[in-house]
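First up is the structure itself, then whatever we jot down about it.
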Amino acid sequence: MIEGKGISKEFRSGRGRVQALADVSFSIETGKAVAVVGKSGSGKTTLLNCVGGLERPERGKVSCFGVDILSLSGKALCLFQRRNAGFVFQYGNLLSYLTVFENVAFPLTLKGIRGKGKEKRVQELLERIGLPDVGAALPHELSGGELQRVSVARAIAHSPKMLLADEPTSSLDSTTGWNLIELMFDMGKEQGCTMVVSTHDPEIIDLADASIHLRDGKITKEDR
Amino acid sequence: MLPSLGFWIKTAFLFLFRSGRSTAVLSLMLLTAVATLIFLSALAVGISDAMIRNSVSLYSGHISGFALPQALKRENLFVEGVTNVLKRLSRYGILSNEGRIETVVLIGIDPLEELKSAAIWKKTLKGKYLKGRESAVFLSRPLAEKLDVEPGEDLRFSSGPGAASTRFTVSGIYQTGIDQLDRSIAFCPLAVIPAGAETWSAAIFLEEGADPESVISIYHRALSEEYDFKSWAELMPDLKQLVDLNYISMGFVTVLVFGVVSLGIACAFVIFILKNLREYGIMKAMGATPGEMALLIVAEVILMNLAACFIGVLVGVLAVFVVGKTGIDLTAFTSHNRYFTVSAVIFPRLTFYSLGLPPALAFLGSLAAAIWPAVLVARRKAADVLRIV
């Protein structure tokens, strides 16, 4: 289970203090897919970052599968992330100097998986996302949809317990976006991942097991 | 199990290799700096070499032996590193010409052997240098002027007033520009020097790079501690200081130039690393630790340095080799300089320091330049990095 209790996070910028999250509490059951819904600036990305340990809230508690991730030291948090978390970013965010194969293999190597096992897993994933022949390509040689599919493969390669996707379809047309979402949900469920997907796409909300609605950093509605 | 060091080195290599143009430009800066400094250092060594070569090859040799007994043969002084030993006999006396007299040191030399190593013959102004056994003298210009003689005219040498005199014909007149050699000295062949003291002196010439002090130690061990040998550094402390000064100045220049270059390289490195900030942010989001990020950046810097320094050393060595073939003629700037009396052609020479110091400085400078970006990347949260890029 993923739990957040009383999470608050604010940012300082040229426009003053911005309350990104204000006393947010939620729980997500293991193996479920949850959509975090809200307009731009509502705090969706910040919530995902807090859950994934990329961001440290000023107040509150984040527990992932029984681990209080905010109590972990810097290195322990990194080790937790590399074993348990997979991220799909808005724009793919593949490592531009590594090939597709090397990108998908990266989290496997971080997890300590090497040799033939790693190669087999990467090839399986590339076939699963329908891109078996792009292993040697560099990210800039791929289309937006292909980039996101590779990004999903990379996020899921090391069989993480949770898959966090931050508006994964926002840079794609609707058909490509829908195909990607289907692929991501299918693969996530195959792996038994708990998925948290930020979006404002109603179709994704329908596909998810539950949804958390945010506005101005506060939860306005929870659907289960 | 954590990924191995090899994984991060490989990743660093891929980053560098696949960002070819940025890597090439940055490497070009480094290799140019390394190559330039290797060449400049070699040139400094070449200038010192030229000053020493000019000073010792004119007359004195790298080592001078004084008051050596006749029992000690010239052949005994040929040890490892010695290229030639010139035997000289000195007689104090008077040279006279039609009522003009001058107190002189008449030095008996072996003209043929002197031609092989000593360059005083190159300073001939009038007439000719000495030949094997002729009864002739080779005079300095001031002495010839005081005695009012020209080549082909006769002079008489006697060991003192009332002593028997020997007739010599003036073979040639020289001028070195060095007071000690231009003042009251005359040379004649060993075969014709008047009888006198039993001791002789030696001018010992060494191979390039041979250490005079080591050769003197060998003489003292193998022959006798009592023999009086002095290195050029002892006999010419002014030259020694000048050589040291040259190295120190070059050291300052090297450090200053590299200080400035390092600043440029540091800025370029920072830009290079910040350009890849997004990549580091993504890696951190995947769970790469701050230590691994710092390791990756340091590996990038080291790999780039190794490649750039290697090519820089090759270019520098090549430049030294090419220029070393012909040398750089600085005659126009040294014509009144006593340390360049024989030749002002500078041959750059590589030494351990001239070859090793520039890449070592480049390496350390770049490593220092990588510290700030490495710390920046290691300390920044992944979300911050991804937000700002």
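Labels used: A, B, ... for chains in the order of the structure tokens, numbers from 1 for residues in each chain, and numbers from 1 for ligands as shown.
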Determine which residues of range 19-182 of chain A DSSP labels as strand (DSSP E) from the backbone of this structure, then write them out as an MDAnalysis selection string. chainID A and resid 19:28 33:37 59:64 67:68 85:88 162:166
Members of range 31-187 of chain A assigned alpha helix (DSSP H) by DSSP, as a PyMOL selection string: chain A and resi 44-52+74-84+100-110+115-128+144-156+174-187
Could you write out the selected residues, including C-alpha atoms, as a tab-separated table (two decimals), in the first residue's frame?
chain	number	residue	atom	x	y	z
A	44	LYS	CA	-0.31	16.52	-9.48
A	45	THR	CA	3.39	16.38	-10.37
A	46	THR	CA	4.41	17.39	-6.86
A	47	LEU	CA	2.27	14.62	-5.40
A	48	LEU	CA	3.82	12.04	-7.72
A	49	ASN	CA	7.30	13.33	-6.91
A	50	CYS	CA	6.60	13.08	-3.19
A	51	VAL	CA	5.36	9.52	-3.56
A	52	GLY	CA	8.41	8.58	-5.65
A	74	GLY	CA	19.79	9.96	0.82
A	75	LYS	CA	21.52	6.80	-0.33
A	76	ALA	CA	18.91	4.48	1.17
A	77	LEU	CA	16.18	6.43	-0.63
A	78	CYS	CA	18.09	6.06	-3.93
A	79	LEU	CA	18.40	2.32	-3.38
A	80	PHE	CA	14.69	2.14	-2.52
A	81	GLN	CA	13.82	4.04	-5.70
A	82	ARG	CA	15.96	1.89	-7.98
A	83	ARG	CA	14.33	-1.28	-6.63
A	84	ASN	CA	10.76	-0.18	-6.19
A	100	VAL	CA	17.12	2.64	-26.63
A	101	PHE	CA	18.58	-0.68	-25.50
A	102	GLU	CA	20.93	1.03	-23.05
A	103	ASN	CA	18.08	3.19	-21.74
A	104	VAL	CA	15.85	0.22	-21.00
A	105	ALA	CA	18.81	-1.68	-19.54
A	106	PHE	CA	19.80	1.22	-17.28
A	107	PRO	CA	17.44	0.49	-14.34
A	108	LEU	CA	18.29	-3.21	-14.64
A	109	THR	CA	21.99	-2.42	-14.27
A	110	LEU	CA	21.24	-0.11	-11.35
A	115	GLY	CA	24.73	-10.25	-18.62
A	116	LYS	CA	22.35	-12.42	-20.62
A	117	GLY	CA	19.49	-12.00	-18.17
A	118	LYS	CA	19.56	-8.26	-18.72
A	119	GLU	CA	19.77	-8.56	-22.50
A	120	LYS	CA	16.90	-11.04	-22.62
A	121	ARG	CA	14.71	-8.85	-20.43
A	122	VAL	CA	15.37	-5.75	-22.55
A	123	GLN	CA	14.66	-7.58	-25.77
A	124	GLU	CA	11.44	-8.98	-24.34
A	125	LEU	CA	10.33	-5.51	-23.34
A	126	LEU	CA	11.18	-4.01	-26.71
A	127	GLU	CA	9.13	-6.71	-28.39
A	128	ARG	CA	6.31	-6.13	-25.89
A	144	GLY	CA	7.15	11.03	-29.72
A	145	GLY	CA	4.96	7.94	-29.37
A	146	GLU	CA	7.93	5.60	-29.68
A	147	LEU	CA	9.82	7.61	-27.07
A	148	GLN	CA	6.99	7.23	-24.59
A	149	ARG	CA	6.67	3.50	-25.25
A	150	VAL	CA	10.37	3.06	-24.61
A	151	SER	CA	9.94	5.20	-21.51
A	152	VAL	CA	7.25	2.79	-20.28
A	153	ALA	CA	9.51	-0.18	-21.02
A	154	ARG	CA	12.32	1.46	-19.08
A	155	ALA	CA	10.06	2.32	-16.15
A	156	ILE	CA	8.87	-1.24	-15.87
A	174	SER	CA	-5.12	11.16	-28.80
A	175	THR	CA	-4.79	7.85	-30.68
A	176	THR	CA	-1.11	7.44	-29.85
A	177	GLY	CA	-1.81	8.54	-26.29
A	178	TRP	CA	-4.59	6.02	-25.87
A	179	ASN	CA	-2.43	3.20	-27.27
A	180	LEU	CA	0.32	4.16	-24.84
A	181	ILE	CA	-2.04	4.20	-21.88
A	182	GLU	CA	-3.40	0.79	-22.78
A	183	LEU	CA	0.11	-0.55	-23.11
A	184	MET	CA	1.18	0.99	-19.82
A	185	PHE	CA	-1.82	-0.29	-17.91
A	186	ASP	CA	-1.48	-3.75	-19.45
A	187	MET	CA	2.22	-3.99	-18.66
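Using only C-alpha atoms, the shortest contact distance between Leu5 in chain B and any of B:Pro142, B:Gly291, B:Gly324, B:Pro348 is found at B:Gly291.
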Give the residues of chain B that lie within 10 Å of chain A; count only C-alpha atoms, and format the answer as number ranges by chain. B: 1-4, 7, 11-19, 276, 278-291, 379, 381-384, 386
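Atom pair CA of Asp23 in chain A / CA of Thr220 in chain A has a distance of 11.9 Å (rounded to one decimal).
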Quick check, in Å to one decimal: how far apart do CA of Ala344 in chain B and CA of Leu330 in chain B lie? 5.2 Å
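Taking only C-alpha atoms into account, Arg224 in chain A lies nearest to A:Ala35 out of the set A:Ser8, A:Arg15, A:Ala35, A:Ile204.
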Polymer residues at most 7 Å from range 369-375 of chain B, only C-alpha atoms, same-chain spacing of 3 or more positions, as an MDAnalysis selection string: chainID B and resid 266 269:270 273 294 297:298 301 365:366 378:379
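Note that CA of Lys9 in chain A and CA of Ala33 in chain A are 23.8 Å apart.
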With only C-alpha atoms as the counted atoms, please give the residues lying no more than 8 Å from range 100-113 of chain B, apart from itself and same-chain residues fewer than 3 positions off, as a ChimeraX atom specification. /B:86-97,116-117,130-132,143,146-148,184-193
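Nearest residue to Gly251 in chain B, choosing from B:Val313, B:Met29, B:Ala136, B:Ala44 and counting only C-alpha atoms: B:Ala44.
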Which residues are close to His62 in chain B, i.e. within 10 Å by only C-alpha atoms, leaving aside same-chain residues fewer than 6 positions away? Reply as an NGL selection string. :B and (52-53 or 55-56 or 82 or 203-207 or 210-213 or 215 or 230-233 or 235)
Next, write the just-selected residues to a file, as a compact mmCIF listing (two decimals), in the first residue's frame, keeping C-alpha atoms as the atom set.
# COMPACT_ATOMS: atom_id res chain seq x y z
CA ILE B 52 75.31 26.08 -21.29
CA ARG B 53 76.43 24.72 -24.65
CA SER B 55 79.46 28.77 -22.51
CA VAL B 56 81.13 25.39 -22.11
CA VAL B 82 82.71 11.96 -21.50
CA ALA B 203 88.69 20.73 -20.39
CA ILE B 204 86.29 17.82 -20.26
CA PHE B 205 83.29 17.68 -22.58
CA LEU B 206 80.25 15.56 -21.81
CA GLU B 207 77.37 14.02 -23.70
CA ALA B 210 75.22 13.99 -18.67
CA ASP B 211 75.62 15.23 -15.12
CA PRO B 212 79.04 16.85 -14.49
CA GLU B 213 78.87 16.15 -10.75
CA VAL B 215 81.48 12.41 -13.68
CA LYS B 230 85.17 21.75 -11.08
CA SER B 231 81.89 21.68 -12.97
CA TRP B 232 80.72 24.54 -15.15
CA ALA B 233 78.15 25.39 -12.49
CA LEU B 235 83.07 27.97 -12.39
Exercise: Ile216 in chain B partners within 10 Å, only C-alpha atoms, chain neighbours under 3 positions left out, as an NGL selection string: :B and (63-65 or 77 or 211-213 or 219-222 or 225 or 227-231)
